[in-house]
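Undergrad: Dropping in structure04.pdb, with PDB, C-alpha atoms.
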ATOM      1  CA  MET A 156     -38.528 -47.473  17.585  1.00  0.00           C
ATOM      2  CA  LYS A 157     -42.205 -47.905  18.514  1.00  0.00           C
ATOM      3  CA  PHE A 158     -41.566 -45.929  21.678  1.00  0.00           C
ATOM      4  CA  LYS A 159     -40.387 -42.951  19.599  1.00  0.00           C
ATOM      5  CA  TYR A 160     -43.591 -43.037  17.494  1.00  0.00           C
ATOM      6  CA  ILE A 161     -45.733 -43.292  20.598  1.00  0.00           C
ATOM      7  CA  LEU A 162     -43.988 -40.291  22.144  1.00  0.00           C
ATOM      8  CA  THR A 163     -44.354 -38.328  18.907  1.00  0.00           C
ATOM      9  CA  PHE A 164     -48.053 -39.205  18.723  1.00  0.00           C
ATOM     10  CA  LEU A 165     -48.600 -38.199  22.357  1.00  0.00           C
ATOM     11  CA  PHE A 166     -46.738 -34.928  21.856  1.00  0.00           C
ATOM     12  CA  ILE A 167     -48.771 -34.034  18.736  1.00  0.00           C
ATOM     13  CA  SER A 168     -52.009 -35.003  20.509  1.00  0.00           C
ATOM     14  CA  LEU A 169     -51.116 -32.869  23.505  1.00  0.00           C
ATOM     15  CA  MET A 170     -50.349 -29.866  21.283  1.00  0.00           C
ATOM     16  CA  TYR A 171     -53.616 -30.357  19.381  1.00  0.00           C
ATOM     17  CA  TRP A 172     -55.748 -30.485  22.535  1.00  0.00           C
ATOM     18  CA  GLN A 173     -53.903 -27.557  24.058  1.00  0.00           C
ATOM     19  CA  GLY A 174     -54.662 -25.534  20.923  1.00  0.00           C
ATOM     20  CA  ILE A 175     -58.326 -26.433  21.120  1.00  0.00           C
ATOM     21  CA  SER A 176     -58.530 -25.470  24.776  1.00  0.00           C
ATOM     22  CA  GLN A 177     -56.942 -22.086  24.074  1.00  0.00           C
ATOM     23  CA  ASN A 178     -59.474 -21.365  21.341  1.00  0.00           C
ATOM     24  CA  THR A 179     -62.499 -21.804  23.583  1.00  0.00           C
ATOM     25  CA  THR A 180     -64.053 -18.587  24.720  1.00  0.00           C
ATOM     26  CA  ASP A 181     -64.943 -18.166  28.348  1.00  0.00           C
ATOM     27  CA  ILE A 182     -67.787 -15.729  28.818  1.00  0.00           C
ATOM     28  CA  ARG A 183     -67.914 -14.255  32.294  1.00  0.00           C
ATOM     29  CA  VAL A 184     -71.406 -13.373  33.522  1.00  0.00           C
ATOM     30  CA  PHE A 185     -72.048 -11.526  36.765  1.00  0.00           C
ATOM     31  CA  ASP A 186     -75.409 -11.221  38.524  1.00  0.00           C
ATOM     32  CA  TYR A 187     -75.663  -8.196  40.819  1.00  0.00           C
ATOM     33  CA  GLU A 188     -77.820 -10.193  43.249  1.00  0.00           C
ATOM     34  CA  ASP A 189     -75.158 -12.875  43.672  1.00  0.00           C
ATOM     35  CA  ARG A 190     -72.748 -11.347  46.188  1.00  0.00           C
ATOM     36  CA  THR A 191     -69.845 -13.588  45.082  1.00  0.00           C
ATOM     37  CA  GLU A 192     -70.306 -12.761  41.407  1.00  0.00           C
ATOM     38  CA  PHE A 193     -70.714  -9.063  42.174  1.00  0.00           C
ATOM     39  CA  SER A 194     -67.489  -9.069  44.179  1.00  0.00           C
ATOM     40  CA  GLN A 195     -65.632 -10.815  41.348  1.00  0.00           C
ATOM     41  CA  TYR A 196     -67.010  -8.261  38.880  1.00  0.00           C
ATOM     42  CA  GLU A 197     -65.882  -5.323  41.015  1.00  0.00           C
ATOM     43  CA  GLN A 198     -62.382  -6.784  41.411  1.00  0.00           C
ATOM     44  CA  LEU A 199     -61.927  -6.972  37.628  1.00  0.00           C
ATOM     45  CA  ASN A 200     -62.456  -3.214  37.294  1.00  0.00           C
ATOM     46  CA  LEU A 201     -63.358  -3.681  33.615  1.00  0.00           C
ATOM     47  CA  ASP A 202     -64.482  -0.079  33.212  1.00  0.00           C
ATOM     48  CA  LYS A 203     -60.879   1.040  33.609  1.00  0.00           C
ATOM     49  CA  ASP A 204     -59.831  -0.291  30.194  1.00  0.00           C
ATOM     50  CA  HIS A 205     -63.182  -0.677  28.367  1.00  0.00           C
ATOM     51  CA  PRO A 206     -64.484   2.750  27.299  1.00  0.00           C
ATOM     52  CA  ASN A 207     -68.262   2.945  27.098  1.00  0.00           C
ATOM     53  CA  LEU A 208     -69.167   3.636  23.479  1.00  0.00           C
ATOM     54  CA  LEU A 209     -72.574   5.000  24.494  1.00  0.00           C
ATOM     55  CA  ASN A 210     -70.721   7.984  25.917  1.00  0.00           C
ATOM     56  CA  PRO A 211     -71.144  10.725  23.267  1.00  0.00           C
ATOM     57  CA  GLU A 212     -67.665  12.087  24.025  1.00  0.00           C
ATOM     58  CA  ILE A 213     -66.115   8.750  23.059  1.00  0.00           C
ATOM     59  CA  SER A 214     -68.274   7.924  20.023  1.00  0.00           C
ATOM     60  CA  LYS A 215     -68.659  11.455  18.682  1.00  0.00           C
ATOM     61  CA  ASN A 216     -69.110  10.709  14.981  1.00  0.00           C
ATOM     62  CA  GLU A 217     -70.416   7.160  15.321  1.00  0.00           C
ATOM     63  CA  MET A 218     -73.236   7.532  17.827  1.00  0.00           C
ATOM     64  CA  ASP A 219     -75.934   6.429  15.350  1.00  0.00           C
ATOM     65  CA  LYS A 220     -73.982   3.269  14.542  1.00  0.00           C
ATOM     66  CA  VAL A 221     -73.331   2.594  18.242  1.00  0.00           C
ATOM     67  CA  ILE A 222     -77.011   2.979  19.140  1.00  0.00           C
ATOM     68  CA  ALA A 223     -78.115   0.825  16.187  1.00  0.00           C
ATOM     69  CA  SER A 224     -75.708  -1.952  17.189  1.00  0.00           C
ATOM     70  CA  TRP A 225     -76.843  -1.742  20.826  1.00  0.00           C
ATOM     71  CA  THR A 226     -80.498  -1.952  19.803  1.00  0.00           C
ATOM     72  CA  GLU A 227     -79.864  -4.899  17.504  1.00  0.00           C
ATOM     73  CA  LEU A 228     -77.953  -6.764  20.227  1.00  0.00           C
ATOM     74  CA  HIS A 229     -80.904  -6.488  22.607  1.00  0.00           C
ATOM     75  CA  GLN A 230     -83.400  -7.509  19.958  1.00  0.00           C
ATOM     76  CA  ASN A 231     -81.266 -10.569  19.224  1.00  0.00           C
ATOM     77  CA  ILE A 232     -81.059 -11.465  22.908  1.00  0.00           C
ATOM     78  CA  GLY A 233     -84.821 -11.118  23.267  1.00  0.00           C
ATOM     79  CA  GLN A 234     -85.334 -13.355  20.257  1.00  0.00           C
ATOM     80  CA  TYR A 235     -82.833 -15.894  21.624  1.00  0.00           C
ATOM     81  CA  LEU A 236     -84.659 -16.007  24.970  1.00  0.00           C
ATOM     82  CA  GLN A 237     -87.953 -16.540  23.159  1.00  0.00           C
ATOM     83  CA  GLU A 238     -86.512 -19.265  20.898  1.00  0.00           C
ATOM     84  CA  ASN A 239     -85.298 -21.076  24.010  1.00  0.00           C
ATOM     85  CA  ASP A 240     -88.735 -20.840  25.658  1.00  0.00           C
ATOM     86  CA  PHE A 241     -87.400 -18.755  28.529  1.00  0.00           C
ATOM     87  CA  GLU A 242     -90.051 -17.483  30.922  1.00  0.00           C
ATOM     88  CA  TRP A 243     -89.435 -14.974  33.695  1.00  0.00           C
ATOM     89  CA  GLN A 244     -92.141 -16.527  35.895  1.00  0.00           C
ATOM     90  CA  VAL A 245     -93.430 -13.189  37.200  1.00  0.00           C
ATOM     91  CA  GLU A 246     -96.639 -11.315  36.420  1.00  0.00           C
ATOM     92  CA  ASP A 247     -94.918  -8.131  35.189  1.00  0.00           C
ATOM     93  CA  SER A 248     -95.546  -7.244  31.548  1.00  0.00           C
ATOM     94  CA  GLU A 249     -91.975  -5.990  31.126  1.00  0.00           C
ATOM     95  CA  ILE A 250     -88.665  -6.983  32.633  1.00  0.00           C
ATOM     96  CA  MET A 251     -86.233  -4.151  33.269  1.00  0.00           C
ATOM     97  CA  ILE A 252     -82.526  -4.929  33.366  1.00  0.00           C
ATOM     98  CA  VAL A 253     -79.587  -2.623  33.905  1.00  0.00           C
ATOM     99  CA  HIS A 254     -76.573  -4.228  32.344  1.00  0.00           C
ATOM    100  CA  LYS A 255     -73.148  -3.758  30.903  1.00  0.00           C
ATOM    101  CA  PHE A 256     -71.550  -5.748  28.117  1.00  0.00           C
ATOM    102  CA  TYR A 257     -67.791  -5.900  27.654  1.00  0.00           C
ATOM    103  CA  PHE A 258     -66.531  -6.607  24.149  1.00  0.00           C
ATOM    104  CA  ASN A 259     -63.350  -7.728  22.458  1.00  0.00           C
ATOM    105  CA  PRO A 260     -62.178  -5.567  19.529  1.00  0.00           C
ATOM    106  CA  ASP A 261     -63.944  -7.924  17.070  1.00  0.00           C
ATOM    107  CA  GLY A 262     -67.307  -7.275  18.772  1.00  0.00           C
ATOM    108  CA  SER A 263     -67.478 -10.606  20.608  1.00  0.00           C
ATOM    109  CA  ILE A 264     -68.725 -10.516  24.188  1.00  0.00           C
ATOM    110  CA  HIS A 265     -66.283 -11.549  26.894  1.00  0.00           C
ATOM    111  CA  SER A 266     -68.051 -10.294  30.024  1.00  0.00           C
ATOM    112  CA  TYR A 267     -71.572  -9.336  31.007  1.00  0.00           C
ATOM    113  CA  PHE A 268     -72.925  -7.741  34.192  1.00  0.00           C
ATOM    114  CA  PHE A 269     -76.633  -7.439  34.943  1.00  0.00           C
ATOM    115  CA  LYS A 270     -79.064  -6.269  37.606  1.00  0.00           C
ATOM    116  CA  MET A 271     -82.753  -7.110  37.271  1.00  0.00           C
ATOM    117  CA  LEU A 272     -84.967  -4.303  38.505  1.00  0.00           C
ATOM    118  CA  ASN A 273     -88.196  -6.304  38.780  1.00  0.00           C
ATOM    119  CA  GLU A 274     -89.043  -7.727  42.180  1.00  0.00           C
ATOM    120  CA  GLY A 275     -89.743 -11.415  42.507  1.00  0.00           C
ATOM    121  CA  ILE A 276     -87.522 -12.896  39.803  1.00  0.00           C
ATOM    122  CA  SER A 277     -86.208 -16.020  41.470  1.00  0.00           C
ATOM    123  CA  ALA A 278     -82.559 -16.950  41.793  1.00  0.00           C
ATOM    124  CA  SER A 279     -83.188 -19.968  39.570  1.00  0.00           C
ATOM    125  CA  GLN A 280     -84.666 -17.788  36.790  1.00  0.00           C
ATOM    126  CA  ARG A 281     -81.768 -15.331  37.072  1.00  0.00           C
ATOM    127  CA  LYS A 282     -79.422 -18.320  36.752  1.00  0.00           C
ATOM    128  CA  LYS A 283     -81.279 -19.615  33.673  1.00  0.00           C
ATOM    129  CA  TYR A 284     -81.134 -16.134  32.160  1.00  0.00           C
ATOM    130  CA  SER A 285     -77.414 -15.965  32.889  1.00  0.00           C
ATOM    131  CA  GLU A 286     -76.848 -19.359  31.258  1.00  0.00           C
ATOM    132  CA  LEU A 287     -78.809 -18.366  28.141  1.00  0.00           C
ATOM    133  CA  VAL A 288     -76.922 -15.086  27.763  1.00  0.00           C
ATOM    134  CA  THR A 289     -73.682 -17.045  28.139  1.00  0.00           C
ATOM    135  CA  GLU A 290     -74.705 -19.418  25.346  1.00  0.00           C
ATOM    136  CA  PHE A 291     -75.870 -16.494  23.213  1.00  0.00           C
ATOM    137  CA  ALA A 292     -72.546 -14.696  23.690  1.00  0.00           C
ATOM    138  CA  LYS A 293     -70.548 -17.703  22.472  1.00  0.00           C
ATOM    139  CA  THR A 294     -71.817 -17.235  18.920  1.00  0.00           C
ATOM    140  CA  GLN A 295     -73.181 -13.682  18.691  1.00  0.00           C
ATOM    141  CA  LYS A 296     -71.403 -10.361  18.376  1.00  0.00           C
ATOM    142  CA  ILE A 297     -72.385  -6.741  18.436  1.00  0.00           C
ATOM    143  CA  GLY A 298     -72.346  -5.045  15.043  1.00  0.00           C
ATOM    144  CA  LEU A 299     -69.227  -2.998  15.822  1.00  0.00           C
ATOM    145  CA  THR A 300     -65.496  -3.524  15.722  1.00  0.00           C
ATOM    146  CA  LYS A 301     -62.778  -1.362  17.213  1.00  0.00           C
ATOM    147  CA  ASP A 302     -59.030  -1.426  17.682  1.00  0.00           C
ATOM    148  CA  PHE A 303     -59.542  -1.830  21.427  1.00  0.00           C
ATOM    149  CA  GLN A 304     -61.806  -3.533  23.955  1.00  0.00           C
ATOM    150  CA  PHE A 305     -64.956  -1.557  24.689  1.00  0.00           C
ATOM    151  CA  ALA A 306     -68.186  -1.601  26.661  1.00  0.00           C
ATOM    152  CA  GLN A 307     -71.790  -0.558  26.352  1.00  0.00           C
ATOM    153  CA  CYS A 308     -74.262  -0.218  29.174  1.00  0.00           C
ATOM    154  CA  GLY A 309     -77.802   0.824  29.795  1.00  0.00           C
ATOM    155  CA  LYS A 310     -81.282  -0.184  30.814  1.00  0.00           C
ATOM    156  CA  THR A 311     -83.317  -2.565  28.671  1.00  0.00           C
ATOM    157  CA  LYS A 312     -86.952  -3.658  28.772  1.00  0.00           C
ATOM    158  CA  TYR A 313     -87.816  -7.157  27.662  1.00  0.00           C
ATOM    159  CA  PRO A 314     -91.465  -8.092  27.122  1.00  0.00           C
ATOM    160  CA  ASN A 315     -92.810 -10.763  29.409  1.00  0.00           C
TER
END
Could you rewrite the structure in this file as structure tokens?
TA:
Amino acid sequence: MKFKYILTFLFISLMYWQGISQNTTDIRVFDYEDRTEFSQYEQLNLDKDHPNLLNPEISKNEMDKVIASWTELHQNIGQYLQENDFEWQVEDSEIMIVHKFYFNPDGSIHSYFFKMLNEGISASQRKKYSELVTEFAKTQKIGLTKDFQFAQCGKTKYPN
């Protein structure tokens, strides 16, 4: 009889932990300068099924809302970097990044690709930046929802 209870307990525990593991969100971040990450990013071909909402032909009547949400996202990232005492460790007054965010329909971030345009940002600082954006993306969303996955891309300047 005890064996039956033990098996039942183990089965319920297994189902519980499996449910927890399925609810965790994996954020994929790809640094252009990391050849392995860049190759993985290209293989995913995310642009095929994630329309870019900054394209006026796609967001015809919502362009103001799209731009406002994009601006707010970058302001929030900048604030998050500052709150976490992130320093670029270069002399430049601004950091320019070309990047693309890929969103789930609820506005949560599932993938992020970036290329830093400033010279001299070390691999370790790019890695720290990548880790902070990953942590940011676990709890933050863009202020838009859609019935489909979508993307937004562009160039951003962060103060240094």
Undergrad: Which residue gives the smallest distance to Cys308 (chain A) among A:Gln280, A:Asn273, A:Asn207, A:Ser263, with all atoms listed in the file counted?
TA: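 Looking at the shortest contact to Cys308 (chain A), the residue is A:Asn207.
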Undergrad: Can you tell me, as a list in words, what residues are no more than 6 Å from region 190-205 of chain A when counting all atoms listed in the file, ignoring any on the same chain fewer than 5 positions away?
TA: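 Here the qualifying residues turn out to be Phe185, Gln304, Phe305 and Ala306 of chain A.
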Undergrad: Mind pulling up the distance from CA of Lys270 (chain A) to CA of Tyr187 (chain A)?
TA: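 So the answer is 5.1 Å.
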Undergrad: What's the separation between CA of Ser277 (chain A) and CA of Glu249 (chain A), in Å to one decimal place?
TA: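 Distance between the two atoms: 15.5 Å.
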Undergrad: To test your reading of the syntax: which residues would the PyMOL selection byres ((chain A and resi 262) around 12) return for the file shown? Reply as a PDB file with C-alpha atoms, keeping the file's coordinate frame.
TA:
ATOM      1  CA  VAL A 221     -73.331   2.594  18.242  1.00  0.00           C
ATOM      2  CA  SER A 224     -75.708  -1.952  17.189  1.00  0.00           C
ATOM      3  CA  TRP A 225     -76.843  -1.742  20.826  1.00  0.00           C
ATOM      4  CA  LEU A 228     -77.953  -6.764  20.227  1.00  0.00           C
ATOM      5  CA  PHE A 256     -71.550  -5.748  28.117  1.00  0.00           C
ATOM      6  CA  TYR A 257     -67.791  -5.900  27.654  1.00  0.00           C
ATOM      7  CA  PHE A 258     -66.531  -6.607  24.149  1.00  0.00           C
ATOM      8  CA  ASN A 259     -63.350  -7.728  22.458  1.00  0.00           C
ATOM      9  CA  PRO A 260     -62.178  -5.567  19.529  1.00  0.00           C
ATOM     10  CA  ASP A 261     -63.944  -7.924  17.070  1.00  0.00           C
ATOM     11  CA  SER A 263     -67.478 -10.606  20.608  1.00  0.00           C
ATOM     12  CA  ILE A 264     -68.725 -10.516  24.188  1.00  0.00           C
ATOM     13  CA  HIS A 265     -66.283 -11.549  26.894  1.00  0.00           C
ATOM     14  CA  SER A 266     -68.051 -10.294  30.024  1.00  0.00           C
ATOM     15  CA  ALA A 292     -72.546 -14.696  23.690  1.00  0.00           C
ATOM     16  CA  LYS A 293     -70.548 -17.703  22.472  1.00  0.00           C
ATOM     17  CA  THR A 294     -71.817 -17.235  18.920  1.00  0.00           C
ATOM     18  CA  GLN A 295     -73.181 -13.682  18.691  1.00  0.00           C
ATOM     19  CA  LYS A 296     -71.403 -10.361  18.376  1.00  0.00           C
ATOM     20  CA  ILE A 297     -72.385  -6.741  18.436  1.00  0.00           C
ATOM     21  CA  GLY A 298     -72.346  -5.045  15.043  1.00  0.00           C
ATOM     22  CA  LEU A 299     -69.227  -2.998  15.822  1.00  0.00           C
ATOM     23  CA  THR A 300     -65.496  -3.524  15.722  1.00  0.00           C
ATOM     24  CA  LYS A 301     -62.778  -1.362  17.213  1.00  0.00           C
ATOM     25  CA  ASP A 302     -59.030  -1.426  17.682  1.00  0.00           C
ATOM     26  CA  PHE A 303     -59.542  -1.830  21.427  1.00  0.00           C
ATOM     27  CA  GLN A 304     -61.806  -3.533  23.955  1.00  0.00           C
ATOM     28  CA  PHE A 305     -64.956  -1.557  24.689  1.00  0.00           C
ATOM     29  CA  ALA A 306     -68.186  -1.601  26.661  1.00  0.00           C
ATOM     30  CA  GLN A 307     -71.790  -0.558  26.352  1.00  0.00           C
TER      31      GLN A 307
END
Undergrad: Have a look at A:Ile252, A:Ile213, A:Leu208, A:Met218 and name the one nearest to Tyr284 (chain A); count all atoms listed in the file.
TA: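 Once distances to Tyr284 (chain A) are computed over all atoms listed in the file, the minimum belongs to A:Ile252.
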Undergrad: Closest to Ala278 (chain A) among A:Glu188, A:His254, A:Asp181, A:Lys312, using only C-alpha atoms?
TA: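 Answer, going by the shortest atom-to-atom distance: A:Glu188.
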Undergrad: How big is the axis-aligned box around the listed atoms of region 289-294 of chain A once 4 Å is added on each side, and where is its centre? Give both in Å to one decimal, as JSON.
TA:
{"center_x": -73.2, "center_y": -17.1, "center_z": 23.5, "size_x": 13.3, "size_y": 12.7, "size_z": 17.2}
Undergrad: Which of these residues is nearest to Ile250 (chain A), using only C-alpha atoms: A:Thr311, A:Asn210, A:Phe268, A:Thr226?
TA: A:Thr311
Undergrad: Any chance you could resolve the PyMOL selection byres ((chain A and resi 287) around 9) against this file and give the residues as a ChimeraX atom specification?
TA: /A:232,235-236,239,241,282-286,288-292
Undergrad: Quick one: residues within 12 Å of Gln237 (chain A), all atoms listed in the file counted, chain neighbours fewer than 6 positions away excluded, as a list of chain:residue names?
TA: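 Non-adjacent residues within range: A:Gln230, A:Asn231, A:Trp243, A:Tyr284, A:Leu287, A:Tyr313, A:Pro314, A:Asn315.
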Undergrad: State, in Å with one decimal place, the distance from CA of Ile222 (chain A) to CA of Leu209 (chain A).
TA: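 Between CA of Ile222 (chain A) and CA of Leu209 (chain A) the gap works out to 7.2 Å.
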